[in-house]
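Structure, as structure tokens:
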2 protein chains.
Amino acid sequence: MNNTRILKVELGARSYPIRIGRSIAGLDTAFPESAGRSLRVVTDSNVEPLYLEALLGALSLTRDQVYVVPAGEASKTWDSAGKVLDWLLESRLSRDGCLIALGGGVIGDLTGFVASIYQRGIDFIQIPTTLLAQVDSSVGGKTGVNHARGKNLIGAFHQPISVVADTDTLATLPKRELLAGLAEVIKYGMLADGLLFEWLESNLDRILSLNPNSLAEIIERCCAIKARIVGLDERETGSGPRALLNLGHTFGHAIETYTGYTEWLHGEAVATGLVLAADLSARHGWITEAVAARCTALIARAGLPVAPPKGMTAEHFRDLMGLDKKVKAGKLRLILLRGLGDAVLSSDFEQDLLDETLAAACRTTS
Amino acid sequence: MNNTRILKVELGARSYPIRIGRSIAGLDTAFPESAGRSLRVVTDSNVEPLYLEALLGALSLTRDQVYVVPAGEASKTWDSAGKVLDWLLESRLSRDGCLIALGGGVIGDLTGFVASIYQRGIDFIQIPTTLLAQVDSSVGGKTGVNHARGKNLIGAFHQPISVVADTDTLATLPKRELLAGLAEVIKYGMLADGLLFEWLESNLDRILSLNPNSLAEIIERCCAIKARIVGLDERETGSGPRALLNLGHTFGHAIETYTGYTEWLHGEAVATGLVLAADLSARHGWITEAVAARCTALIARAGLPVAPPKGMTAEHFRDLMGLDKKVKAGKLRLILLRGLGDAVLSSDFEQDLLDETLAAACRTTS
């Protein structure tokens with residue numbers, strides 16, 4: 001565990017550590033919380049051949065303590081959760097047992113949800129193996145599954161007892177997935193940490209070449225931001241600070257819905273959403289055009305889309321954003337920037353300027 | 001709301017009131033917490049024709065805001081929960097909406113579970129219409145569904161925002177169900193309140209004749225006991241005081257499992273379990289034989305079974321109790337009495353005496 005960085009998410013009795021380092025998912029020392037516990041692992045068919053053996057070795061587990069779901073978003077359903085629950089009961093895991101989620105966001109969300117309702121809630125540990133999960137979804141306790149009517153509509157707030165982020169797992173992550181995770185990293189800089197944003201501008205190439213120290217640095221800084229915000233607003237009260245983590249997401253969800261959640265990765269849609277949020281903020285004069293341009297430039301340099309998909313119009317955006325969860329009491333609320341690293345949730349924006357942002361963006365569709 | 005008794009369950013930010021009275025399920029004044037909220041009602045096919053109209057009138061709701069499940073334990077499943085969730089999403093209930101559970105324990109547990117996972121948790125109100133639910137299952141936040149491998153194996157701790165116990169609903173409750181609820185009332189006296197036990201000895205006839213004041217009295221006293229214990233141990237930590245609420249339940253679960261959860265009502269099995277727990281306590285000299293005899297006598301006077309079902313042997317009990325959730329680290333723990341109104345969770349009992357209790361009980365099978 002040399003050079004392992006440890007960060008604490010402060011949530012009173014539900015506080016937990018995040019350990020970040022190289023090849024640590026195969027070290028028993030990364031899992032002090034699971035010592036002496038009855039354990040079960042949930043992973044997917046992509047991650048299984050890559051990292052499962054190391055984990056089983058580190059924790060002295062056997063294959064019959066592992067449940068493998070098919071890789072992909074299609075496994076994040078009510079039916080999948082039911083099957084994992086069936087298996088846990090069949091394998092007689094007791095109420096003081098502990099689940100381990102080995103994989104990306106789908107595995108973390110599914111396993112965390114199952115842990116939240118198995119015998120009215122048991123412990124679980126997150127081992128996120130994608131950048132997106134390491135900087136975002138594995139921290140904060142949001143768990144759940146999708147429904148035909150939308151993503152994450154069924155779920156629970158259930159905090160893990162620890163998170164182990166192994167930067168070496170990013171070596172096998174498809175480049176496109178890495179970049180999608182990077183969109184969320186840029187989001188953290190834009191919404192809460194101008195210095196992180198500048199650091200990204202200076203170090204983007206090192207991140208893209210998977211420099212381990214740079215990866216650990218962004219994971220630690222993003223988790224620190226998320227931990228602080230989650231500590232202030234564990235259950236996302238709506239107008240609380242946790243909503244700010246959705247910077248770019250209202251636009252992004254519209255894009256994901258328009259493209260049927262198949263063509264664009266979540267992070268790609270968020271990337272374009274960040275560009276639109278910055279553009280709209282600049283049109284209000286809340287940030288300068290230069291700052292908005294820096295946001296767009298960094299996102300473009302990261303190889304992420306900065307304009308909506310072909311064929312998507314301002315009208316599509318308006319329709320799809322009207323259905324967004326952030327609509328409260330009839331008035332759309334958006335997360336916008338008052339500065340670089342300073343996001344606000346506001347319904348106090350001009351509809352005309354929103355229309356301008358959408359019109360301009362849709363003229364330059366990707 | 002004249003003569004409505006109000007009791008508070010103290011759980012910090014999750015505190016809530018219990019309102020107890022006559023015909024109050026049809027009074028809007030019993031539901032101040034739901035004012036101005038978007039509401040949905042879940043009920044069952046037995047309760048629907050009896051009390052739904054009054055509730056809809058009180059809260060100005062329409063039939064399309066109601067979901068009716070078939071009456072009975074068979075509706076307390078993962079699949080049923082999925083169907084209720086589908087309906088809620090179809091009817092577009094938002095995250096700040098509120099569910100109302102109108103019915104007995106099945107409806108309360110199912111609706112509470114659905115509320116705990118709909119959009120990561122929404123508010124719900126309990127309107128228990130059985131004595132069992134009024135004195136026990138509607139208070140304390142235990143929600144869940146059954147699984148082929150056992151009862152309540154999937155669920156969550158999710159507190160209601162209020163409980164409305166209308167004693168008039170007990171008039172339509174089948175006598176056998178009323179008595180089953182009474183078993184839990186006697187349990188409260190035995191485990192925590194000797195004065196309540198004495199009060200029951202003096203007032204049993206008034207309760208059996210459904211005297212409204214006597215019914216309100218036992219509901220209030222039982223809820224007060226449960227509220228105090230839940231306040232000390234919201235999530236049932238295992239060795240915490242909440243386990244004491246399971247007095248008689250380890251024996252009772254063995255009877256329920258033996259009879260396939262079909263012949264005996266839960267309360268009936270608990271009644272016999274209470275007799276066995278008192279007997280075993282007396283054999284240890286922790287309570288006198290006279291006290292144990294009073295327990296048996298009151299349970300018998302209430303028309304409840306005081307001996308195991310025909311054919312069930314001590315060996316059956318030992319087998320089935322070995323699988324009980326109260327087995328921890330290999331050693332069976334039982335809830336026993338140190339006095340009338342003074343229960344303890346203990347693994348410090350003599351196996352020989354347990355065998356004597358079981359042998360004696362199974363000689364006098366009902």
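Within each chain, counting starts at residue 1; across the structure tokens, chains are named A, B, ... in the order shown, with ligands numbered 1 upward in that order.
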**Prompt:** Please, which residues of chain B lie no more than 10 Å from chain A when the count uses only C-alpha atoms, and can they be set out as a ChimeraX atom specification?
**Reply:** /B:78-79,82,85-86,89-90,92,94-96,113-122,142-145,147-158,235-238,325,327-328
**Request:** Mind checking which residues fall within 12 Å of segment 221-226 of chain B, counting only C-alpha atoms, ignoring those fewer than 6 positions away in the same chain, and posting them as number ranges by chain?
**Result:** B: 5-10, 17-20, 131-141, 163-165, 181-197, 199-200, 214-215, 232-234, 241-246, 341
**Request:** Using DSSP on the backbone coordinates, identify the residues of segment 37-277 of chain A assigned to strand (DSSP E or B); present them as a ChimeraX atom specification.
**Result:** /A:39-44,66-69,77,98-103,118,123-128,142-147,150-157,162-166
**Message:** With only C-alpha atoms as the counted atoms, please give the residues lying no more than 10 Å from segment 265-274 of chain B, apart from itself and same-chain residues fewer than 2 positions off, as number ranges by chain.
**Reply:** B: 132, 176-187, 190-191, 246-257, 259, 261-263, 276-280, 292, 295-296, 299-300, 302-309, 335-337, 361, 366
**Request:** Might you pull out every residue within 8 Å of segment 347-360 of chain A, with only C-alpha atoms counted and same-chain residues fewer than 4 positions away left off, and present them as a PyMOL selection string?
**Result:** chain A and resi 276+279-280+283-284+313-314+317+331-334+364
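Close contacts of Ser45 of chain A, defined as residues with an atom at most 6 Å away when counting only C-alpha atoms, with chain neighbours fewer than 2 positions off set aside, comprise Val47, Glu48, Pro70 and Ala71 of chain A.
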**Request:** Might you pull out every residue within 12 Å of Thr62 of chain A, with only C-alpha atoms counted and same-chain residues fewer than 5 positions away left off, and present them as a PyMOL selection string?
**Result:** chain A and resi 38-41+52-57+67
**Prompt:** In segment 197-342 of chain A, what's alpha helix (DSSP H) per DSSP? Answer as a VMD selection string?
**Reply:** chain A and resid 197 to 208 212 to 232 249 to 258 266 to 283 289 to 301 314 to 322
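Atom CA of Leu345 of chain B sits 24.0 Å away from atom CA of Asp123 of chain A.
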